[in-house]
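Colleague: input_3.pdb (PDB, C-alpha atoms (C1' of nucleotides)) pasted underneath:
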```pdb
ATOM      1  CA  MET A   1      -3.122  -2.764 -14.014
ATOM      2  CA  HIS A   2      -6.189  -3.607 -16.007
ATOM      3  CA  LYS A   3      -8.654  -2.848 -13.261
ATOM      4  CA  THR A   4      -7.801   0.815 -12.915
ATOM      5  CA  LYS A   5      -8.267   1.559 -16.589
ATOM      6  CA  ARG A   6     -11.519  -0.310 -16.605
ATOM      7  CA  GLN A   7     -12.792   1.734 -13.699
ATOM      8  CA  GLN A   8     -11.776   4.913 -15.474
ATOM      9  CA  LYS A   9     -13.770   3.771 -18.444
ATOM     10  CA  ILE A  10     -16.742   2.961 -16.243
ATOM     11  CA  LEU A  11     -16.702   6.472 -14.851
ATOM     12  CA  SER A  12     -16.515   8.009 -18.281
ATOM     13  CA  LEU A  13     -19.345   5.786 -19.474
ATOM     14  CA  ILE A  14     -21.734   6.598 -16.657
ATOM     15  CA  ARG A  15     -20.930  10.250 -17.130
ATOM     16  CA  THR A  16     -21.780  10.280 -20.813
ATOM     17  CA  ARG A  17     -24.613   7.734 -21.091
ATOM     18  CA  ARG A  18     -27.642   6.744 -19.106
ATOM     19  CA  ILE A  19     -26.862   3.251 -17.934
ATOM     20  CA  GLY A  20     -29.423   1.289 -15.953
ATOM     21  CA  THR A  21     -27.908  -2.145 -15.414
ATOM     22  CA  GLN A  22     -24.561  -3.759 -14.983
ATOM     23  CA  GLN A  23     -25.322  -5.845 -18.055
ATOM     24  CA  GLU A  24     -25.451  -2.760 -20.247
ATOM     25  CA  LEU A  25     -22.281  -1.508 -18.675
ATOM     26  CA  SER A  26     -20.624  -4.833 -19.338
ATOM     27  CA  ALA A  27     -21.608  -4.687 -23.002
ATOM     28  CA  MET A  28     -20.321  -1.145 -23.411
ATOM     29  CA  LEU A  29     -17.085  -1.997 -21.703
ATOM     30  CA  GLU A  30     -16.649  -4.927 -24.006
ATOM     31  CA  ARG A  31     -17.104  -2.681 -27.021
ATOM     32  CA  ALA A  32     -14.383  -0.506 -25.549
ATOM     33  CA  GLY A  33     -12.101  -3.508 -25.221
ATOM     34  CA  PHE A  34     -12.633  -4.362 -21.568
ATOM     35  CA  VAL A  35     -13.899  -7.843 -20.894
ATOM     36  CA  ALA A  36     -15.397  -8.106 -17.432
ATOM     37  CA  THR A  37     -18.083 -10.138 -15.758
ATOM     38  CA  GLN A  38     -20.966  -8.667 -13.832
ATOM     39  CA  SER A  39     -19.187  -9.705 -10.620
ATOM     40  CA  SER A  40     -16.233  -7.515 -11.371
ATOM     41  CA  ILE A  41     -18.423  -4.620 -12.397
ATOM     42  CA  SER A  42     -20.419  -4.868  -9.208
ATOM     43  CA  ARG A  43     -17.200  -4.697  -7.226
ATOM     44  CA  ASP A  44     -15.916  -1.835  -9.345
ATOM     45  CA  LEU A  45     -19.023   0.221  -8.729
ATOM     46  CA  GLU A  46     -18.809  -0.434  -5.019
ATOM     47  CA  GLU A  47     -15.176   0.567  -5.015
ATOM     48  CA  LEU A  48     -15.771   3.716  -7.015
ATOM     49  CA  GLY A  49     -18.673   4.712  -4.819
ATOM     50  CA  VAL A  50     -21.033   4.839  -7.790
ATOM     51  CA  VAL A  51     -24.704   4.750  -6.833
ATOM     52  CA  LYS A  52     -27.922   4.046  -8.690
ATOM     53  CA  HIS A  53     -30.219   7.019  -8.739
ATOM     54  CA  HIS A  54     -33.539   7.290 -10.586
ATOM     55  CA  GLY A  55     -32.666   3.981 -12.160
ATOM     56  CA  TYR A  56     -29.307   5.083 -13.525
ATOM     57  CA  TYR A  57     -25.756   4.858 -12.270
ATOM     58  CA  THR A  58     -24.168   8.138 -11.268
ATOM     59  CA  MET A  59     -21.334   9.520  -9.206
ATOM     60  CA  PRO A  60     -22.671  11.185  -6.056
ATOM     61  CA  ARG A  61     -21.751  14.829  -5.688
ATOM     62  CA  ALA A  62     -19.897  16.078  -2.599
ATOM     63  CA  LYS A  63     -21.967  16.909   0.467
ATOM     64  CA  GLU A  64     -23.840  20.216   0.566
ATOM     65  CA  GLY A  65     -23.205  21.261   4.156
ATOM     66  CA  ALA A  66     -19.510  20.770   3.578
ATOM     67  CA  SER A  67     -19.093  23.845   1.457
ATOM     68  CA  ALA A  68     -20.281  25.942   4.378
ATOM     69  CA  ARG A  69     -16.935  25.154   5.952
ATOM     70  CA  GLY A  70     -15.014  25.604   2.727
ATOM     71  CA  LEU A  71     -14.802  22.096   1.317
ATOM     72  CA  LEU A  72     -15.987  21.749  -2.277
ATOM     73  CA  GLY A  73     -14.707  18.383  -3.397
ATOM     74  CA  LEU A  74     -12.486  15.485  -2.448
ATOM     75  CA  ASP A  75     -10.642  13.263  -4.907
ATOM     76  CA  PRO A  76      -7.987  10.567  -4.780
ATOM     77  CA  ALA A  77      -4.814  11.094  -6.789
ATOM     78  CA  GLY A  78      -2.369   8.302  -7.427
ATOM     79  CA  ASP A  79      -1.898   5.903  -4.554
ATOM     80  CA  CYS A  80      -1.049   8.073  -1.639
ATOM     81  CA  LEU A  81      -2.638  11.449  -2.202
ATOM     82  CA  VAL A  82      -6.066  12.901  -1.660
ATOM     83  CA  VAL A  83      -6.836  16.336  -3.051
ATOM     84  CA  ALA A  84      -9.408  18.580  -1.396
ATOM     85  CA  LYS A  85     -10.792  21.393  -3.480
ATOM     86  CA  CYS A  86     -11.895  24.343  -1.347
ATOM     87  CA  GLU A  87     -13.442  27.761  -1.654
ATOM     88  CA  PRO A  88     -10.878  30.476  -2.370
ATOM     89  CA  GLY A  89      -8.923  31.264   0.765
ATOM     90  CA  MET A  90     -10.477  28.456   2.759
ATOM     91  CA  ALA A  91      -7.840  25.805   2.173
ATOM     92  CA  SER A  92      -5.888  26.526   5.360
ATOM     93  CA  SER A  93      -8.895  26.311   7.605
ATOM     94  CA  VAL A  94     -10.008  23.118   5.937
ATOM     95  CA  ALA A  95      -6.518  21.728   6.474
ATOM     96  CA  VAL A  96      -6.527  22.737  10.105
ATOM     97  CA  GLU A  97      -9.831  21.029  10.652
ATOM     98  CA  ILE A  98      -8.572  17.876   9.022
ATOM     99  CA  ASP A  99      -5.379  17.981  11.074
ATOM    100  CA  ARG A 100      -7.352  18.386  14.261
ATOM    101  CA  ALA A 101      -9.318  15.244  13.487
ATOM    102  CA  ALA A 102      -5.995  13.391  13.777
ATOM    103  CA  ILE A 103      -6.953  10.687  11.320
ATOM    104  CA  PRO A 104      -4.252   8.055  11.712
ATOM    105  CA  GLU A 105      -3.913   7.200   8.025
ATOM    106  CA  ILE A 106      -3.012  10.798   7.236
ATOM    107  CA  VAL A 107       0.699  11.494   7.104
ATOM    108  CA  GLY A 108       0.390  15.206   6.527
ATOM    109  CA  THR A 109      -1.604  17.943   4.847
ATOM    110  CA  LEU A 110      -0.495  20.866   2.770
ATOM    111  CA  ALA A 111      -2.740  23.832   2.109
ATOM    112  CA  GLY A 112      -2.522  26.236  -0.779
ATOM    113  CA  GLU A 113      -5.050  28.911  -1.601
ATOM    114  CA  ASP A 114      -8.016  26.798  -2.592
ATOM    115  CA  THR A 115      -6.557  23.294  -2.506
ATOM    116  CA  VAL A 116      -5.329  20.937   0.172
ATOM    117  CA  PHE A 117      -3.043  18.005  -0.536
ATOM    118  CA  ILE A 118      -3.482  15.174   1.928
ATOM    119  CA  ALA A 119      -0.719  12.599   2.004
ATOM    120  CA  VAL A 120      -1.759   9.139   3.159
ATOM    121  CA  LEU A 121       0.147   5.984   4.003
ATOM    122  CA  GLU A 122      -0.897   3.924   0.994
ATOM    123  CA  ARG A 123      -3.680   2.923  -1.345
ATOM    124  CA  LYS A 124      -5.914   1.318   1.231
ATOM    125  CA  ALA A 125      -5.571   4.236   3.572
ATOM    126  CA  GLN A 126      -6.655   6.476   0.741
ATOM    127  CA  ARG A 127     -10.159   5.066   0.687
ATOM    128  CA  ALA A 128     -10.447   5.243   4.423
ATOM    129  CA  VAL A 129      -9.366   8.862   4.445
ATOM    130  CA  LEU A 130     -11.835   9.840   1.741
ATOM    131  CA  LYS A 131     -14.569   8.380   3.848
ATOM    132  CA  LYS A 132     -13.482   9.865   7.145
ATOM    133  CA  VAL A 133     -12.944  13.352   5.770
ATOM    134  CA  LEU A 134     -16.308  13.341   4.060
ATOM    135  CA  GLU A 135     -17.840  12.280   7.354
ATOM    136  CA  LEU A 136     -15.981  15.023   9.136
ATOM    137  CA  PHE A 137     -17.465  17.645   6.839
ATOM    138  CA  GLY A 138     -20.760  15.872   6.213
TER     139      GLY A 138
ATOM    140  CA  MET B   1       2.710  -9.307   7.733
ATOM    141  CA  HIS B   2       5.492 -11.002   9.604
ATOM    142  CA  LYS B   3       8.198  -8.696   8.366
ATOM    143  CA  THR B   4       6.747  -5.530   9.812
ATOM    144  CA  LYS B   5       6.412  -6.993  13.291
ATOM    145  CA  ARG B   6       9.912  -8.360  13.091
ATOM    146  CA  GLN B   7      11.255  -4.961  12.180
ATOM    147  CA  GLN B   8       9.370  -3.409  15.086
ATOM    148  CA  LYS B   9      10.993  -5.936  17.359
ATOM    149  CA  ILE B  10      14.401  -5.171  15.904
ATOM    150  CA  LEU B  11      13.945  -1.505  16.662
ATOM    151  CA  SER B  12      12.879  -2.219  20.209
ATOM    152  CA  LEU B  13      15.823  -4.563  20.667
ATOM    153  CA  ILE B  14      18.474  -2.159  19.464
ATOM    154  CA  ARG B  15      16.911   0.524  21.607
ATOM    155  CA  THR B  16      17.092  -1.501  24.794
ATOM    156  CA  ARG B  17      20.253  -3.588  24.360
ATOM    157  CA  ARG B  18      23.731  -3.101  22.997
ATOM    158  CA  ILE B  19      23.839  -5.320  19.947
ATOM    159  CA  GLY B  20      27.000  -5.666  17.949
ATOM    160  CA  THR B  21      26.298  -8.255  15.260
ATOM    161  CA  GLN B  22      23.442  -9.526  13.192
ATOM    162  CA  GLN B  23      24.024 -12.943  14.749
ATOM    163  CA  GLU B  24      23.189 -11.654  18.199
ATOM    164  CA  LEU B  25      20.173  -9.916  16.815
ATOM    165  CA  SER B  26      19.072 -13.121  15.149
ATOM    166  CA  ALA B  27      19.376 -15.013  18.424
ATOM    167  CA  MET B  28      17.391 -12.428  20.347
ATOM    168  CA  LEU B  29      14.717 -12.337  17.694
ATOM    169  CA  GLU B  30      14.432 -16.076  17.874
ATOM    170  CA  ARG B  31      13.942 -15.912  21.613
ATOM    171  CA  ALA B  32      11.155 -13.449  20.918
ATOM    172  CA  GLY B  33       9.575 -15.848  18.450
ATOM    173  CA  PHE B  34      10.872 -14.439  15.184
ATOM    174  CA  VAL B  35      12.885 -16.852  13.090
ATOM    175  CA  ALA B  36      14.979 -15.000  10.545
ATOM    176  CA  THR B  37      18.253 -15.565   8.771
ATOM    177  CA  GLN B  38      21.099 -13.106   8.708
ATOM    178  CA  SER B  39      20.113 -12.242   5.139
ATOM    179  CA  SER B  40      16.732 -11.023   6.201
ATOM    180  CA  ILE B  41      18.122  -9.118   9.123
ATOM    181  CA  SER B  42      20.663  -7.407   6.920
ATOM    182  CA  ARG B  43      17.871  -6.309   4.629
ATOM    183  CA  ASP B  44      15.708  -5.222   7.542
ATOM    184  CA  LEU B  45      18.425  -3.019   8.956
ATOM    185  CA  GLU B  46      19.003  -1.442   5.584
ATOM    186  CA  GLU B  47      15.306  -0.825   5.198
ATOM    187  CA  LEU B  48      14.916   0.641   8.659
ATOM    188  CA  GLY B  49      17.900   2.885   8.193
ATOM    189  CA  VAL B  50      19.640   1.423  11.224
ATOM    190  CA  VAL B  51      23.372   2.121  11.358
ATOM    191  CA  LYS B  52      26.299   0.666  13.253
ATOM    192  CA  HIS B  53      27.941   3.200  15.480
ATOM    193  CA  HIS B  54      30.789   2.570  17.930
ATOM    194  CA  GLY B  55      30.309  -1.089  17.183
ATOM    195  CA  TYR B  56      26.612  -1.172  18.033
ATOM    196  CA  TYR B  57      23.460  -0.862  16.017
ATOM    197  CA  THR B  58      21.438   2.260  16.616
ATOM    198  CA  MET B  59      18.741   4.338  15.025
ATOM    199  CA  PRO B  60      20.125   7.676  13.913
ATOM    200  CA  ARG B  61      18.250  10.325  15.833
ATOM    201  CA  ALA B  62      16.985  13.503  14.189
ATOM    202  CA  LYS B  63      15.482  15.361  17.093
ATOM    203  CA  GLU B  64      18.364  17.356  18.540
ATOM    204  CA  GLY B  65      19.423  20.213  16.348
ATOM    205  CA  ALA B  66      16.662  19.530  13.882
ATOM    206  CA  SER B  67      13.844  21.155  15.754
ATOM    207  CA  ALA B  68      15.971  24.193  16.275
ATOM    208  CA  ARG B  69      15.788  24.662  12.559
ATOM    209  CA  GLY B  70      12.085  23.900  12.397
ATOM    210  CA  LEU B  71      11.941  20.214  11.521
ATOM    211  CA  LEU B  72       9.771  18.107  13.800
ATOM    212  CA  GLY B  73       9.256  14.882  11.947
ATOM    213  CA  LEU B  74       9.753  13.105   8.662
ATOM    214  CA  ASP B  75       7.561  10.340   7.271
ATOM    215  CA  PRO B  76       7.139   8.436   4.035
ATOM    216  CA  ALA B  77       3.737   8.445   2.379
ATOM    217  CA  GLY B  78       2.945   5.984  -0.350
ATOM    218  CA  ASP B  79       5.818   5.306  -2.712
ATOM    219  CA  CYS B  80       6.924   8.659  -3.953
ATOM    220  CA  LEU B  81       6.260  11.172  -1.241
ATOM    221  CA  VAL B  82       7.961  12.218   1.977
ATOM    222  CA  VAL B  83       6.170  14.505   4.398
ATOM    223  CA  ALA B  84       8.115  16.821   6.689
ATOM    224  CA  LYS B  85       6.255  18.110   9.710
ATOM    225  CA  CYS B  86       7.601  21.480  10.866
ATOM    226  CA  GLU B  87       7.061  24.073  13.531
ATOM    227  CA  PRO B  88       4.362  26.578  12.611
ATOM    228  CA  GLY B  89       5.653  29.000  10.019
ATOM    229  CA  MET B  90       8.931  27.155   9.524
ATOM    230  CA  ALA B  91       7.970  25.016   6.558
ATOM    231  CA  SER B  92       9.311  27.412   3.929
ATOM    232  CA  SER B  93      12.704  27.705   5.511
ATOM    233  CA  VAL B  94      12.927  23.960   5.962
ATOM    234  CA  ALA B  95      12.036  23.544   2.311
ATOM    235  CA  VAL B  96      14.662  26.047   1.260
ATOM    236  CA  GLU B  97      17.309  24.231   3.223
ATOM    237  CA  ILE B  98      16.329  20.919   1.668
ATOM    238  CA  ASP B  99      16.330  22.439  -1.789
ATOM    239  CA  ARG B 100      19.774  23.873  -1.235
ATOM    240  CA  ALA B 101      21.107  20.441  -0.389
ATOM    241  CA  ALA B 102      20.265  19.465  -3.962
ATOM    242  CA  ILE B 103      19.566  15.854  -3.134
ATOM    243  CA  PRO B 104      19.354  14.153  -6.521
ATOM    244  CA  GLU B 105      16.476  11.799  -5.670
ATOM    245  CA  ILE B 106      14.257  14.753  -4.866
ATOM    246  CA  VAL B 107      12.018  15.798  -7.705
ATOM    247  CA  GLY B 108      10.586  18.814  -5.953
ATOM    248  CA  THR B 109       9.386  20.263  -2.668
ATOM    249  CA  LEU B 110       6.269  22.162  -1.735
ATOM    250  CA  ALA B 111       5.956  24.107   1.515
ATOM    251  CA  GLY B 112       2.809  25.053   3.379
ATOM    252  CA  GLU B 113       2.586  26.586   6.803
ATOM    253  CA  ASP B 114       3.907  23.753   8.932
ATOM    254  CA  THR B 115       4.319  20.968   6.386
ATOM    255  CA  VAL B 116       6.582  20.261   3.430
ATOM    256  CA  PHE B 117       5.797  17.727   0.740
ATOM    257  CA  ILE B 118       8.859  16.235  -0.863
ATOM    258  CA  ALA B 119       8.283  14.396  -4.123
ATOM    259  CA  VAL B 120      10.770  11.656  -4.929
ATOM    260  CA  LEU B 121      11.345   9.381  -7.904
ATOM    261  CA  GLU B 122      10.219   6.102  -6.381
ATOM    262  CA  ARG B 123      10.270   3.796  -3.392
ATOM    263  CA  LYS B 124      13.998   3.345  -3.209
ATOM    264  CA  ALA B 125      14.644   7.020  -3.582
ATOM    265  CA  GLN B 126      12.221   7.574  -0.738
ATOM    266  CA  ARG B 127      14.371   5.667   1.697
ATOM    267  CA  ALA B 128      17.477   7.502   0.559
ATOM    268  CA  VAL B 129      15.802  10.858   0.932
ATOM    269  CA  LEU B 130      14.601  10.102   4.445
ATOM    270  CA  LYS B 131      18.147   9.300   5.378
ATOM    271  CA  LYS B 132      19.764  12.253   3.695
ATOM    272  CA  VAL B 133      17.314  14.797   5.020
ATOM    273  CA  LEU B 134      17.699  13.462   8.541
ATOM    274  CA  GLU B 135      21.444  13.761   8.118
ATOM    275  CA  LEU B 136      21.031  17.277   6.842
ATOM    276  CA  PHE B 137      19.162  18.310   9.964
ATOM    277  CA  GLY B 138      20.927  15.945  12.377
TER     278      GLY B 138
ATOM    279  C1'  DC C   1     -46.388 -13.732  -1.855
ATOM    280  C1'  DG C   2     -44.043 -15.251  -6.006
ATOM    281  C1'  DC C   3     -41.400 -14.157  -9.996
ATOM    282  C1'  DG C   4     -38.051 -12.259 -13.321
ATOM    283  C1'  DG C   5     -34.491  -9.332 -13.433
ATOM    284  C1'  DT C   6     -30.699  -7.321 -11.128
ATOM    285  C1'  DT C   7     -26.992  -7.015  -7.860
ATOM    286  C1'  DA C   8     -23.972  -8.801  -4.045
ATOM    287  C1'  DT C   9     -20.902 -12.267  -2.276
ATOM    288  C1'  DG C  10     -18.467 -16.838  -0.735
ATOM    289  C1'  DC C  11     -15.230 -19.668  -2.693
ATOM    290  C1'  DG C  12     -11.365 -21.075  -5.041
ATOM    291  C1'  DC C  13      -8.043 -20.236  -8.815
ATOM    292  C1'  DT C  14      -4.425 -17.551 -10.967
ATOM    293  C1'  DC C  15      -0.875 -14.361 -11.364
ATOM    294  C1'  DG C  16       2.511 -11.189 -10.032
ATOM    295  C1'  DC C  17       4.996  -9.008  -6.471
ATOM    296  C1'  DT C  18       7.247  -9.419  -2.036
ATOM    297  C1'  DT C  19       9.823 -11.755   1.170
ATOM    298  C1'  DT C  20      12.976 -15.244   2.271
ATOM    299  C1'  DG C  21      16.847 -18.601   2.553
ATOM    300  C1'  DC C  22      20.889 -20.322   0.577
ATOM    301  C1'  DA C  23      25.202 -19.777  -1.166
ATOM    302  C1'  DT C  24      28.663 -16.809  -1.829
ATOM    303  C1'  DA C  25      30.845 -12.458  -2.714
ATOM    304  C1'  DA C  26      32.337  -8.218  -0.603
ATOM    305  C1'  DC C  27      33.883  -5.848   3.074
ATOM    306  C1'  DT C  28      36.244  -4.625   7.688
ATOM    307  C1'  DG C  29      39.173  -4.408  11.638
ATOM    308  C1'  DG C  30      43.240  -6.232  13.421
TER     309       DG C  30
ATOM    310  C1'  DC D   1      46.003 -11.837   4.891
ATOM    311  C1'  DC D   2      42.500 -13.813   8.034
ATOM    312  C1'  DA D   3      38.391 -14.462  10.736
ATOM    313  C1'  DG D   4      34.332 -12.455  11.412
ATOM    314  C1'  DT D   5      30.721  -9.894   9.682
ATOM    315  C1'  DT D   6      27.634  -8.015   6.244
ATOM    316  C1'  DA D   7      25.670  -7.553   1.501
ATOM    317  C1'  DT D   8      23.628  -9.638  -2.568
ATOM    318  C1'  DG D   9      22.240 -12.658  -6.923
ATOM    319  C1'  DC D  10      19.135 -16.075  -7.520
ATOM    320  C1'  DA D  11      15.414 -19.183  -7.195
ATOM    321  C1'  DA D  12      11.636 -20.790  -4.367
ATOM    322  C1'  DA D  13       7.933 -19.909  -1.158
ATOM    323  C1'  DG D  14       4.464 -16.879   0.550
ATOM    324  C1'  DC D  15       0.898 -13.833   0.052
ATOM    325  C1'  DG D  16      -2.563 -10.747  -1.547
ATOM    326  C1'  DA D  17      -5.145  -8.646  -5.442
ATOM    327  C1'  DG D  18      -8.184  -9.491  -8.992
ATOM    328  C1'  DC D  19     -11.200 -12.379 -11.169
ATOM    329  C1'  DG D  20     -14.906 -15.742 -12.702
ATOM    330  C1'  DC D  21     -18.302 -18.994 -11.374
ATOM    331  C1'  DA D  22     -22.090 -20.187  -8.987
ATOM    332  C1'  DT D  23     -25.462 -18.773  -6.096
ATOM    333  C1'  DA D  24     -27.628 -16.059  -2.532
ATOM    334  C1'  DA D  25     -29.856 -11.725  -1.601
ATOM    335  C1'  DC D  26     -32.485  -8.093  -3.084
ATOM    336  C1'  DC D  27     -36.101  -5.271  -5.500
ATOM    337  C1'  DG D  28     -40.002  -3.762  -7.991
ATOM    338  C1'  DC D  29     -44.231  -5.285  -9.675
ATOM    339  C1'  DG D  30     -48.390  -7.793 -10.403
TER     340       DG D  30
END
```
As structure tokens - that is how I would like this structure written.

Modeller:
Amino acid sequence: MHKTKRQQKILSLIRTRRIGTQQELSAMLERAGFVATQSSISRDLEELGVVKHHGYYTMPRAKEGASARGLLGLDPAGDCLVVAKCEPGMASSVAVEIDRAAIPEIVGTLAGEDTVFIAVLERKAQRAVLKKVLELFG
Amino acid sequence: MHKTKRQQKILSLIRTRRIGTQQELSAMLERAGFVATQSSISRDLEELGVVKHHGYYTMPRAKEGASARGLLGLDPAGDCLVVAKCEPGMASSVAVEIDRAAIPEIVGTLAGEDTVFIAVLERKAQRAVLKKVLELFG
DNA sequence: CGCGGTTATGCGCTCGCTTTGCATAACTGG
DNA sequence: CCAGTTATGCAAAGCGAGCGCATAACCGCG
């Protein structure tokens, strides 16, 4: 799919440059071989959760209070996985807390030492789970 | 989606009545408001993992002996993952048993405390694995 | 307020994947 | 081998994702 690669590129662009408008982004994407209108970019940013801060687009960092309970980061992987990065030794307790929330889109969780794999039903559920888990630990 | 609801209805029908042919099933579905040809029903049954036993369609049950050996539930997640819910502390032994079965569609398993992630090749393999693992613990 | 610049969104089109029906092949029990 | 039942190749219909266009909404600033 074209969209996914484009979004990857968008992330890499906003990480490496200071970008202030969707126009700029569009131009840079085009130079990288991705033709996309401002409409699409707007939707991409929304979907990626990118926000404008101090006039530039950036990826918001995971919540601060969360790490108190062991959660350091939360990322989607593929279509049906969410990976939670935790403080060393905290993965199990993070997993337990997530399990207790009984989020319906979650099929199961698997805790290692500092990482939890969260299996979800499918792509759409993935987004929902990201949101709900962040809320849970927010 | 129409298909999902129809398949739900099929499950409820074969649970409550003795149904011996796809024709009967088709008729009953129609009475319930689902128009579907025998082709579709055949594919639905395949997809649901329904089997014909003693001349009637039934859902193979896992529950009996399974939980004795630690397996509580088995669910697909996305396209290439199956999640096995286990009794606390039993995940490793469940995983070992699955590994020993050497099911070819299984790429690998990963056990936590009460959950096993089973990675499979793709969607079709997923279905097959669900079936085979249920058999294994049936 | 109004204005230019920026971003969000309703609408409709396209495209590709899924689901379906038809016809027919394959299978099964007797 | 036969009648009844189930599986399947194929092409069409259905459906949703992604997109662009046009335009509305928003935002900072004078």

Colleague: Using all C-alpha atoms matched in sequence order, least-squares fit chain B onto chain A and give the RMSD rounded to one decimal in Å.

Modeller: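 When all C-alpha atoms are superposed, the deviation is 3.2 Å.
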
Colleague: Atom CA of A:Arg43 to atom CA of B:His2: how many Å, to one decimal?

Modeller: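 One can read the atom CA of A:Arg43 to atom CA of B:His2 distance as 28.9 Å.
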
Colleague: Using only C-alpha atoms (C1' of nucleotides), which residues sit within 10 Å of D:DG30 once same-chain residues fewer than 2 positions away are excluded, as a list in words?

Modeller: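 Non-adjacent residues within range: DG2 and DC3 of chain C; DG28 of chain D.
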
Colleague: Just to confirm, what's the straight-line distance from atom CA of B:Val83 to atom CA of A:Glu87 in Å (one decimal)?

Modeller: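 The value is 24.4 Å.
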
Colleague: Residues at most 8 Å from stretch 103-107 of chain A, counting only C-alpha atoms (C1' of nucleotides), excluding those fewer than 4 positions away in the same chain, as a VMD selection string?

Modeller: (chain A and resid 98 to 99 118 to 121 125 to 126 128 to 129 132) or (chain B and resid 75 to 77 83)

Colleague: Counting all atoms listed in the file, which residues in chain A sit no more than 9 Å from chain B? For each one, give the nearest pair of atoms and the distance in Å, sorted by chain then residue number, as a Markdown table.

Modeller:
```
| residue | atom | partner | partner_atom | distance |
| --- | --- | --- | --- | --- |
| A:Asp79 | CA | B:Gly78 | CA | 6.4 |
| A:Cys80 | CA | B:Gly78 | CA | 4.7 |
| A:Leu81 | CA | B:Gly78 | CA | 8.0 |
| A:Ser92 | CA | B:Glu113 | CA | 8.6 |
| A:Ile106 | CA | B:Ala77 | CA | 8.6 |
| A:Val107 | CA | B:Ala77 | CA | 6.4 |
| A:Gly108 | CA | B:Val83 | CA | 6.2 |
| A:Thr109 | CA | B:Thr115 | CA | 6.8 |
| A:Leu110 | CA | B:Gly112 | CA | 5.4 |
| A:Ala111 | CA | B:Gly112 | CA | 5.8 |
| A:Gly112 | CA | B:Gly112 | CA | 6.9 |
| A:Phe117 | CA | B:Phe117 | CA | 8.9 |
| A:Ala119 | CA | B:Ala77 | CA | 6.1 |
| A:Val120 | CA | B:Ala77 | CA | 5.6 |
| A:Leu121 | CA | B:Ala77 | CA | 4.6 |
| A:Glu122 | CA | B:Gly78 | CA | 4.6 |
| A:Arg123 | CA | B:Gly78 | CA | 7.4 |
```

Colleague: To one decimal place in Å, what is the distance between atom CA of B:Phe137 and atom CA of B:His54?

Modeller: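 So the two atoms, atom CA of B:Phe137 and atom CA of B:His54, lie 21.1 Å apart.
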
Colleague: Calculated over only C-alpha atoms (C1' of nucleotides), which of the candidates B:Lys9, B:Arg100, B:Lys52, B:Arg18 has the smallest distance to chain D?

Modeller: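 Answer, going by the shortest atom-to-atom distance: B:Lys52.
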
Colleague: Within 12 Å of chain A, which residues belong to chain C? Use all atoms listed in the file and report them as a PyMOL selection string.

Modeller: chain C and resi 5-9+16

Colleague: Could you please select, counting only C-alpha atoms (C1' of nucleotides), the residues of chain D within 8 Å of chain A and state them as a list in words?

Modeller: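 So the contacting residues turn out to be DG18, DC19 and DG20 of chain D.
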
Colleague: Return as a ChimeraX atom specification the set of residues that the PyMOL selection byres ((chain D and resi 5) around 8) yields on the displayed structure.

Modeller: /B:21 /C:28 /D:4,6

Colleague: Given the selection you just returned, output its residues as a file containing C-alpha atoms (C1' of nucleotides), formatted as a PDB file, in the coordinates of the input.

Modeller:
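The result, written out as out05.pdb:
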```pdb
ATOM      1  CA  THR B  21      26.298  -8.255  15.260  1.00  0.00           C
TER       2      THR B  21
ATOM      3  C1'  DT C  28      36.244  -4.625   7.688  1.00  0.00           C
TER       4       DT C  28
ATOM      5  C1'  DG D   4      34.332 -12.455  11.412  1.00  0.00           C
ATOM      6  C1'  DT D   6      27.634  -8.015   6.244  1.00  0.00           C
TER       7       DT D   6
END
```

Colleague: With all atoms of stretch 53-60 of chain A from the file as input, state the centre and edge lengths in Å to one decimal of the axis-aligned box that has 5 Å extra on each side, as lines of an AutoDock Vina configuration file.

Modeller:
```
center_x = -27.4
center_y = 7.6
center_z = -9.8
size_x = 22.2
size_y = 17.2
size_z = 17.5
```

Colleague: Running the PyMOL selection byres ((chain C and resi 22) around 10) on this model by hand, what would come out? Give it as a list in words.

Modeller: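 For this structure, the PyMOL selection byres ((chain C and resi 22) around 10) captures Thr37 and Ser39 of chain B; DT20, DG21, DA23 and DT24 of chain C; DC10 and DA11 of chain D.
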
Colleague: I'd like to see the residues matched by the PyMOL selection byres ((chain A and resi 5) around 12) on this file, and ideally I'd get them as a compact mmCIF listing (two decimals) with C-alpha atoms, in the frame of the given file.

Modeller:
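Produced file out.txt, reproduced below:
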```
# COMPACT_ATOMS: atom_id res chain seq x y z
CA MET A 1 -3.12 -2.76 -14.01
CA HIS A 2 -6.19 -3.61 -16.01
CA LYS A 3 -8.65 -2.85 -13.26
CA THR A 4 -7.80 0.82 -12.92
CA ARG A 6 -11.52 -0.31 -16.60
CA GLN A 7 -12.79 1.73 -13.70
CA GLN A 8 -11.78 4.91 -15.47
CA LYS A 9 -13.77 3.77 -18.44
CA ILE A 10 -16.74 2.96 -16.24
CA LEU A 11 -16.70 6.47 -14.85
CA SER A 12 -16.52 8.01 -18.28
CA LEU A 29 -17.08 -2.00 -21.70
CA ALA A 32 -14.38 -0.51 -25.55
CA GLY A 33 -12.10 -3.51 -25.22
CA PHE A 34 -12.63 -4.36 -21.57
CA VAL A 35 -13.90 -7.84 -20.89
CA ASP A 44 -15.92 -1.84 -9.35
```
